[in-house]
file final-v8.tsv (TSV, C-alpha atoms)
chain	number	residue	atom	x	y	z
A	29	MET	CA	-16.62	50.34	-14.33
A	30	GLU	CA	-16.33	47.49	-11.79
A	31	LYS	CA	-17.41	45.00	-14.45
A	32	ASP	CA	-14.71	46.27	-16.83
A	33	ARG	CA	-12.03	45.89	-14.18
A	34	LYS	CA	-13.21	42.38	-13.38
A	35	SER	CA	-13.18	41.46	-17.07
A	36	LYS	CA	-9.71	42.91	-17.57
A	37	ALA	CA	-8.36	41.11	-14.51
A	38	ALA	CA	-9.97	37.84	-15.65
A	39	LYS	CA	-8.45	38.23	-19.12
A	40	ILE	CA	-4.99	38.81	-17.63
A	41	VAL	CA	-5.36	35.72	-15.41
A	42	ARG	CA	-6.43	33.57	-18.38
A	43	THR	CA	-3.58	34.91	-20.54
A	44	VAL	CA	-0.81	34.26	-18.01
A	45	THR	CA	-2.17	30.82	-17.14
A	46	VAL	CA	-2.39	29.29	-20.62
A	47	ALA	CA	-1.01	25.75	-20.67
A	48	PRO	CA	2.39	26.53	-22.29
A	49	ILE	CA	3.12	29.33	-19.79
A	50	MET	CA	2.08	27.11	-16.88
A	51	ALA	CA	4.28	24.32	-18.27
A	52	PHE	CA	7.24	26.72	-18.50
A	53	ALA	CA	6.77	27.99	-14.94
A	54	THR	CA	6.41	24.44	-13.63
A	55	LEU	CA	9.50	23.18	-15.45
A	56	ILE	CA	11.60	26.08	-14.14
A	57	LEU	CA	10.31	25.62	-10.58
A	58	LEU	CA	10.98	21.89	-10.70
A	59	TYR	CA	14.47	22.48	-12.06
A	60	VAL	CA	15.24	24.98	-9.28
A	61	VAL	CA	13.74	22.87	-6.48
A	62	ARG	CA	14.45	19.32	-7.76
A	63	PRO	CA	17.05	19.48	-10.56
A	64	VAL	CA	17.66	15.74	-10.22
A	65	ILE	CA	14.34	15.17	-12.01
A	66	PHE	CA	15.95	16.39	-15.25
A	67	GLY	CA	19.42	14.95	-14.84
A	68	GLY	CA	20.85	18.14	-16.36
A	69	ILE	CA	20.01	21.33	-18.22
A	70	PHE	CA	19.62	19.59	-21.60
A	71	GLN	CA	16.46	17.72	-20.59
A	72	LEU	CA	15.03	20.92	-19.11
A	73	LEU	CA	15.65	22.80	-22.36
A	74	MET	CA	14.08	20.02	-24.41
A	75	ALA	CA	11.04	19.99	-22.12
A	76	VAL	CA	10.70	23.77	-22.57
A	77	LEU	CA	10.91	23.26	-26.35
A	78	PHE	CA	8.24	20.54	-26.45
A	79	LEU	CA	5.88	21.74	-23.72
A	80	THR	CA	6.17	25.52	-24.15
A	81	VAL	CA	7.73	26.65	-27.43
A	82	LEU	CA	5.95	24.26	-29.82
A	83	PRO	CA	2.51	24.93	-28.31
A	84	LEU	CA	3.12	28.71	-28.30
A	85	LEU	CA	4.03	28.62	-32.00
A	86	ALA	CA	0.32	28.10	-32.68
A	87	TYR	CA	-0.37	31.79	-32.07
A	88	PRO	CA	1.90	33.25	-34.79
A	89	LEU	CA	1.24	30.28	-37.10
A	90	GLN	CA	-2.53	30.81	-36.90
A	91	LYS	CA	-2.12	34.16	-38.66
A	92	ALA	CA	-0.13	32.52	-41.46
A	93	LEU	CA	-2.18	29.36	-42.07
A	94	PRO	CA	-5.31	30.11	-44.15
A	95	GLY	CA	-7.42	27.26	-42.79
A	96	PHE	CA	-6.93	28.52	-39.22
A	97	ARG	CA	-6.62	32.26	-39.93
A	98	ASP	CA	-10.09	32.36	-41.47
A	99	GLN	CA	-11.63	30.87	-38.32
A	100	GLY	CA	-10.50	33.70	-36.03
A	101	ARG	CA	-10.35	32.85	-32.31
A	102	ASP	CA	-11.78	29.35	-32.91
A	103	GLY	CA	-8.98	28.65	-35.39
A	104	GLN	CA	-6.44	29.90	-32.88
A	105	ARG	CA	-7.82	27.60	-30.18
A	106	LYS	CA	-7.90	24.58	-32.50
A	107	LEU	CA	-4.34	25.16	-33.71
A	108	ALA	CA	-3.12	25.73	-30.14
A	109	PHE	CA	-4.58	22.37	-29.12
A	110	ILE	CA	-3.05	20.63	-32.16
A	111	MET	CA	0.38	22.17	-31.56
A	112	ALA	CA	0.23	21.25	-27.88
A	113	VAL	CA	-0.54	17.61	-28.64
A	114	VAL	CA	2.20	17.56	-31.31
A	115	GLY	CA	4.61	18.89	-28.68
A	116	TYR	CA	3.47	16.26	-26.17
A	117	ILE	CA	3.88	13.42	-28.69
A	118	CYS	CA	7.30	14.64	-29.88
A	119	GLY	CA	8.46	15.21	-26.32
A	120	THR	CA	7.37	11.76	-25.19
A	121	VAL	CA	9.05	10.09	-28.17
A	122	PHE	CA	12.20	12.12	-27.58
A	123	ALA	CA	12.26	11.33	-23.85
A	124	PHE	CA	12.06	7.58	-24.42
A	125	ALA	CA	14.47	7.62	-27.39
A	126	ALA	CA	17.01	9.73	-25.49
A	127	GLY	CA	16.74	7.71	-22.29
A	128	ALA	CA	15.49	10.70	-20.28
A	129	PRO	CA	15.25	10.29	-16.51
A	130	LYS	CA	12.07	8.74	-15.10
A	131	GLY	CA	10.71	12.07	-13.84
A	132	VAL	CA	10.98	13.64	-17.29
A	133	ARG	CA	9.17	10.69	-18.87
A	134	GLN	CA	6.46	11.00	-16.21
A	135	ILE	CA	5.99	14.68	-17.04
A	136	TYR	CA	5.67	14.05	-20.78
A	137	LEU	CA	3.36	11.08	-20.33
A	138	THR	CA	1.10	13.07	-18.01
A	139	TYR	CA	0.79	15.79	-20.63
A	140	LEU	CA	0.31	13.28	-23.46
A	141	ILE	CA	-2.37	11.23	-21.69
A	142	SER	CA	-4.15	14.44	-20.68
A	143	GLY	CA	-4.18	15.56	-24.32
A	144	VAL	CA	-5.58	12.19	-25.40
A	145	ILE	CA	-8.29	12.26	-22.73
A	146	LEU	CA	-9.28	15.84	-23.65
A	147	SER	CA	-9.42	14.86	-27.32
A	148	ILE	CA	-11.66	11.90	-26.56
A	149	LEU	CA	-13.97	13.91	-24.29
A	150	ASN	CA	-14.24	16.98	-26.52
A	151	LYS	CA	-14.15	15.46	-30.01
A	152	ILE	CA	-15.53	11.94	-29.71
A	153	VAL	CA	-17.77	11.88	-26.63
A	154	LYS	CA	-18.75	15.56	-27.22
A	155	ILE	CA	-18.46	16.44	-23.54
A	156	LYS	CA	-16.65	19.73	-23.25
A	157	ALA	CA	-13.82	19.61	-20.71
A	158	SER	CA	-11.83	22.77	-20.06
A	159	GLY	CA	-8.39	22.62	-21.67
A	160	HIS	CA	-7.50	25.70	-19.67
A	161	ALA	CA	-8.31	24.02	-16.35
A	162	CYS	CA	-6.39	20.95	-17.51
A	163	GLY	CA	-3.40	23.12	-18.44
A	164	VAL	CA	-3.33	24.56	-14.93
A	165	ALA	CA	-4.30	21.50	-12.88
A	166	GLY	CA	-1.66	19.33	-14.60
A	167	PRO	CA	1.27	21.51	-13.54
A	168	VAL	CA	-0.21	21.86	-10.04
A	169	ALA	CA	-0.49	18.06	-9.78
A	170	LEU	CA	3.09	17.64	-11.00
A	171	LEU	CA	4.37	20.18	-8.46
A	172	VAL	CA	2.55	18.37	-5.64
A	173	HIS	CA	3.81	14.99	-6.88
A	174	PHE	CA	7.46	15.98	-7.20
A	175	CYS	CA	7.67	18.47	-4.31
A	176	GLY	CA	5.28	16.97	-1.76
A	177	LEU	CA	4.10	19.43	0.88
A	178	ASN	CA	6.23	22.15	-0.68
A	179	GLY	CA	4.08	21.95	-3.82
A	180	TYR	CA	0.68	22.38	-2.19
A	181	TRP	CA	0.87	26.18	-2.42
A	182	ALA	CA	0.25	25.78	-6.16
A	183	LEU	CA	-3.35	24.72	-5.40
A	184	LEU	CA	-4.06	28.41	-4.72
A	185	ILE	CA	-3.84	29.08	-8.46
A	186	LEU	CA	-6.86	26.92	-9.30
A	187	PRO	CA	-9.64	29.06	-7.73
A	188	VAL	CA	-8.22	32.18	-9.38
A	189	VAL	CA	-8.26	30.48	-12.79
A	190	TYR	CA	-11.78	29.15	-12.21
A	191	TRP	CA	-12.94	32.64	-11.29
A	192	ALA	CA	-11.39	34.09	-14.47
A	193	CYS	CA	-12.97	31.42	-16.68
A	194	LEU	CA	-16.39	31.95	-15.11
A	195	VAL	CA	-16.19	35.77	-15.27
A	196	MET	CA	-15.30	35.57	-18.96
A	197	LYS	CA	-18.02	32.94	-19.50
A	198	ARG	CA	-15.53	30.60	-21.19
A	199	HIS	CA	-16.50	27.53	-19.16
A	200	THR	CA	-19.15	26.17	-16.86
A	201	PRO	CA	-18.26	24.73	-13.45
A	202	SER	CA	-18.71	21.17	-14.79
A	203	GLN	CA	-16.34	21.89	-17.70
A	204	LEU	CA	-13.77	23.23	-15.26
A	205	LEU	CA	-14.19	20.16	-13.05
A	206	LEU	CA	-13.72	17.77	-15.99
A	207	GLY	CA	-10.65	19.71	-17.12
A	208	THR	CA	-9.20	19.57	-13.61
A	209	ILE	CA	-9.81	15.86	-13.16
A	210	THR	CA	-8.21	14.97	-16.52
A	211	PRO	CA	-4.54	15.51	-15.56
A	212	LEU	CA	-5.13	13.93	-12.15
A	213	ILE	CA	-6.32	10.75	-13.86
A	214	SER	CA	-3.36	11.01	-16.24
A	215	LEU	CA	-0.84	11.36	-13.43
A	216	VAL	CA	-2.34	8.42	-11.55
A	217	LEU	CA	-2.09	6.29	-14.71
A	218	VAL	CA	1.53	7.36	-15.19
A	219	LEU	CA	2.38	6.53	-11.59
A	220	LEU	CA	0.79	3.11	-12.00
A	221	ILE	CA	3.06	2.55	-15.03
A	222	TYR	CA	6.09	3.65	-12.98
call {"tool": "encode", "arguments": {"input": "final-v8.tsv", "output": "C-alpha cells"}}
result
Amino acid sequence: MEKDRKSKAAKIVRTVTVAPIMAFATLILLYVVRPVIFGGIFQLLMAVLFLTVLPLLAYPLQKALPGFRDQGRDGQRKLAFIMAVVGYICGTVFAFAAGAPKGVRQIYLTYLISGVILSILNKIVKIKASGHACGVAGPVALLVHFCGLNGYWALLILPVVYWACLVMKRHTPSQLLLGTITPLISLVLVLLIY
C-alpha cells in the first residue's frame, strides 16, 4: 500500500515537472516578477508557443505518427525530445530575427544549448543524461539568474524531482547529476556570450 502511494506520488511529480510545463511556469513567473525581460506580452506568448506548446504537441502527435506510435512510450519520449529541440531552434531563430530583448534570447539559447548538449551526450557519446532533470534544472537556473535571491526558492523543486525519478527507477543519481549540470553549463556559456 505504501509502495503504491509512493509510486503514484512520484508519477504525479514527474508528470507536472516535464520540461514544457516547467518552461511554462518559469515564463509566467518571470513575466510576473520581471516583465522587462520580455519587453511585452508578445514575446511571452511566443516563448510559450516555442518552449511549451510545440514540445507538448509531441504527445498527441505520437498517437498519429506510425513510426512513433508503434514504439509506445519510447516513441513518445523520442518525439517529445525532437519536438522540444524543434521548438528551441525555432524560438531562437525567431528571437534573433524579431530583435527580441536580451533576456528572451538568453532563455532560448540556454534551452537550445542544453538540447544540443543532451543530444551529444545521449546519442553520440552514449552517456545517458536525464532530460527530465535538465528540464527542471534549466528553469531553476533561469529563475535564480533573473531573480537573484528571490529565485533561490526554486531549488527546492530539484530534490523532489530526483526522488520521483529514483522511486520510478527512471534514472540513476549520475544521470540526474549530468542532466542537472547540462543547463548550468548552457547558462554559463550564454552569459559569456552576453
call {"tool": "residues_around", "arguments": {"input": "final-v8.tsv", "residues": "A:Gly176", "least_positions_apart": "6", "cutoff": "12 Å", "atoms": "only C-alpha atoms", "output": "MDAnalysis selection string"}}
result
chainID A and resid 58 61:62 168:170 182
call {"tool": "atom_distance", "arguments": {"input": "final-v8.tsv", "atom1": "atom CA of A:Asn150", "atom2": "atom CA of A:Cys162"}}
result
12.6 Å
call {"tool": "closest_residue", "arguments": {"input": "final-v8.tsv", "among": "A:Gln71, A:Thr208, A:Thr80, A:Ser158", "to": "A:Ala123", "atoms": "only C-alpha atoms"}}
result
A:Gln71
call {"tool": "closest_residue", "arguments": {"input": "final-v8.tsv", "among": "A:Leu204, A:Val172, A:Pro48, A:Ala126", "to": "A:Met111", "atoms": "only C-alpha atoms"}}
result
A:Pro48
call {"tool": "residues_around", "arguments": {"input": "final-v8.tsv", "residues": "A:Leu205", "least_positions_apart": "4", "cutoff": "12 Å", "atoms": "all atoms listed in the file", "output": "MDAnalysis selection string"}}
result
chainID A and resid 155:162 164:165 186:187 189:190 193 199:201 209:212
call {"tool": "atom_distance", "arguments": {"input": "final-v8.tsv", "atom1": "atom CA of A:Val195", "atom2": "atom CA of A:Met50"}}
result
20.3 Å
call {"tool": "residues_around", "arguments": {"input": "final-v8.tsv", "residues": "stretch 127-140 of chain A", "least_positions_apart": "6", "cutoff": "10 Å", "atoms": "all atoms listed in the file", "output": "ChimeraX atom specification"}}
result
/A:51,55,64-68,70-72,75,78-79,112-121,146,162-163,166-167,169-170,174,210-219,221-222
call {"tool": "atom_distance", "arguments": {"input": "final-v8.tsv", "atom1": "atom CA of A:Lys31", "atom2": "atom CA of A:Val188"}}
result
16.6 Å
call {"tool": "residues_around", "arguments": {"input": "final-v8.tsv", "residues": "stretch 86-90 of chain A", "least_positions_apart": "6", "cutoff": "7 Å", "atoms": "all atoms listed in the file", "output": "compact mmCIF listing (two decimals) with C-alpha atoms, keeping the file's coordinate frame"}}
result
# COMPACT_ATOMS: atom_id res chain seq x y z
CA PHE A 96 -6.93 28.52 -39.22
CA ARG A 97 -6.62 32.26 -39.93
CA GLY A 103 -8.98 28.65 -35.39
CA GLN A 104 -6.44 29.90 -32.88
CA LEU A 107 -4.34 25.16 -33.71
CA ALA A 108 -3.12 25.73 -30.14
CA MET A 111 0.38 22.17 -31.56
call {"tool": "decode", "arguments": {"input": "final-v8.tsv", "residues": "stretch 166-179 of chain A", "atoms": "all heavy atoms", "output": "CSV table (one decimal), in the first residue's frame"}}
result
chain,number,residue,atom,x,y,z
A,166,GLY,N,17.1,23.6,-15.6
A,166,GLY,CA,17.2,24.8,-16.5
A,166,GLY,C,16.3,26.0,-16.1
A,166,GLY,O,16.8,27.1,-15.8
A,167,PRO,N,15.0,25.7,-15.9
A,167,PRO,CA,14.2,26.8,-15.3
A,167,PRO,C,14.6,27.3,-14.0
A,167,PRO,O,14.5,28.5,-13.7
A,167,PRO,CB,12.8,26.1,-15.3
A,167,PRO,CG,12.8,25.1,-16.4
A,167,PRO,CD,14.2,24.6,-16.4
A,168,VAL,N,15.0,26.4,-13.1
A,168,VAL,CA,15.5,26.8,-11.8
A,168,VAL,C,16.7,27.8,-12.0
A,168,VAL,O,16.8,28.8,-11.3
A,168,VAL,CB,15.9,25.6,-10.9
A,168,VAL,CG1,16.6,26.1,-9.7
A,168,VAL,CG2,14.7,24.8,-10.5
A,169,ALA,N,17.6,27.4,-12.8
A,169,ALA,CA,18.8,28.2,-13.1
A,169,ALA,C,18.4,29.6,-13.6
A,169,ALA,O,18.9,30.6,-13.3
A,169,ALA,CB,19.8,27.5,-14.0
A,170,LEU,N,17.4,29.6,-14.5
A,170,LEU,CA,17.0,30.9,-15.1
A,170,LEU,C,16.3,31.7,-14.1
A,170,LEU,O,16.5,33.0,-14.1
A,170,LEU,CB,16.0,30.6,-16.3
A,170,LEU,CG,16.7,30.0,-17.6
A,170,LEU,CD1,15.6,29.5,-18.6
A,170,LEU,CD2,17.6,31.1,-18.2
A,171,LEU,N,15.5,31.1,-13.2
A,171,LEU,CA,14.9,31.9,-12.1
A,171,LEU,C,15.9,32.5,-11.2
A,171,LEU,O,15.8,33.7,-10.8
A,171,LEU,CB,13.9,31.0,-11.3
A,171,LEU,CG,12.6,30.7,-12.0
A,171,LEU,CD1,11.8,29.6,-11.3
A,171,LEU,CD2,11.7,31.9,-12.2
A,172,VAL,N,16.9,31.7,-10.9
A,172,VAL,CA,18.0,32.3,-10.0
A,172,VAL,C,18.7,33.4,-10.7
A,172,VAL,O,19.0,34.5,-10.2
A,172,VAL,CB,18.9,31.2,-9.5
A,172,VAL,CG1,20.2,31.7,-8.9
A,172,VAL,CG2,18.2,30.2,-8.6
A,173,HIS,N,19.0,33.2,-12.0
A,173,HIS,CA,19.8,34.2,-12.8
A,173,HIS,C,19.0,35.5,-12.9
A,173,HIS,O,19.5,36.6,-12.6
A,173,HIS,CB,20.1,33.7,-14.2
A,173,HIS,CG,20.5,34.7,-15.1
A,173,HIS,ND1,21.7,35.4,-14.9
A,173,HIS,CD2,19.9,35.2,-16.2
A,173,HIS,CE1,21.8,36.3,-15.9
A,173,HIS,NE2,20.8,36.2,-16.7
A,174,PHE,N,17.7,35.4,-13.2
A,174,PHE,CA,16.9,36.6,-13.5
A,174,PHE,C,16.4,37.3,-12.2
A,174,PHE,O,16.1,38.5,-12.2
A,174,PHE,CB,15.8,36.4,-14.5
A,174,PHE,CG,16.3,36.2,-15.9
A,174,PHE,CD1,16.1,35.0,-16.5
A,174,PHE,CD2,16.8,37.3,-16.6
A,174,PHE,CE1,16.6,34.9,-17.9
A,174,PHE,CE2,17.2,37.2,-17.9
A,174,PHE,CZ,17.1,36.0,-18.5
A,175,CYS,N,16.2,36.4,-11.2
A,175,CYS,CA,15.5,37.0,-9.9
A,175,CYS,C,16.4,37.1,-8.7
A,175,CYS,O,16.0,37.5,-7.7
A,175,CYS,CB,14.3,36.1,-9.6
A,175,CYS,SG,13.1,36.0,-10.9
A,176,GLY,N,17.7,36.6,-8.9
A,176,GLY,CA,18.6,36.7,-7.8
A,176,GLY,C,18.2,35.9,-6.6
A,176,GLY,O,17.6,34.8,-6.7
A,177,LEU,N,18.3,36.4,-5.4
A,177,LEU,CA,17.9,35.8,-4.2
A,177,LEU,C,16.4,35.3,-4.2
A,177,LEU,O,16.1,34.3,-3.6
A,177,LEU,CB,18.2,36.7,-3.0
A,177,LEU,CG,19.7,36.9,-2.6
A,177,LEU,CD1,19.8,37.9,-1.5
A,177,LEU,CD2,20.3,35.6,-2.3
A,178,ASN,N,15.6,36.1,-4.8
A,178,ASN,CA,14.2,35.7,-4.9
A,178,ASN,C,13.9,34.5,-5.7
A,178,ASN,O,12.8,34.0,-5.7
A,178,ASN,CB,13.4,36.9,-5.5
A,178,ASN,CG,13.3,38.1,-4.5
A,178,ASN,OD1,13.4,37.9,-3.3
A,178,ASN,ND2,13.3,39.3,-5.1
A,179,GLY,N,14.9,34.0,-6.4
A,179,GLY,CA,14.7,32.8,-7.3
A,179,GLY,C,15.2,31.5,-6.6
A,179,GLY,O,15.0,30.4,-7.1
